[in-house]
Amino acid sequence: MAKKKRSALKRIRQTVRRTTIKAAGRSSARSAVKAARTAIAKSGDEMKAAVAEAASALDKAAKRGVIHRNSAARRRSRLAKQAAKASKG
């Protein structure tokens, strides 16, 4: 049986590390979006702050390569639309 190459072992280590880091970033972005949606549903004073925090978390995730930048923009846009609709009605 052939031995595993050093480069392959290094790639495995890199992949495991990168996956762990990206999972944490995705989780924090999702949590911020969920908190913003909850705040929008309640439509209280903290709604604007929660939406801004979620937008920031999405931007950071996109900057770090955790999610695609267009995906972050789409989610940010949808949150802003929901917030505007909630503040009017």
# chains A, B, ... in the order shown; residues from 1 in each chain; ligands from 1
>>> select_by_dssp(residues="chain A", states="helix (DSSP H, G or I)", output="PyMOL selection string")
chain A and resi 6-42+47-63+69-88
>>> residues_around(residues="A:Ser71", least_positions_apart="4", cutoff="9 Å", atoms="only C-alpha atoms", output="PyMOL selection string")
chain A and resi 58+62+67+75-76
>>> write_last_selection(atoms="C-alpha atoms", output="mmCIF file, in the first residue's frame")
data_model
loop_
_atom_site.group_PDB
_atom_site.id
_atom_site.type_symbol
_atom_site.label_atom_id
_atom_site.label_comp_id
_atom_site.auth_asym_id
_atom_site.auth_seq_id
_atom_site.Cartn_x
_atom_site.Cartn_y
_atom_site.Cartn_z
ATOM 1 C CA LEU A 58 -22.822 39.185 6.967
ATOM 2 C CA ALA A 62 -18.290 37.649 3.071
ATOM 3 C CA ILE A 67 -20.144 33.034 2.353
ATOM 4 C CA ARG A 75 -29.500 38.479 2.758
ATOM 5 C CA ARG A 76 -28.703 42.027 3.867
#
>>> atom_distance(atom1="atom CA of A:Thr19", atom2="atom CA of A:Gly65")
11.2 Å
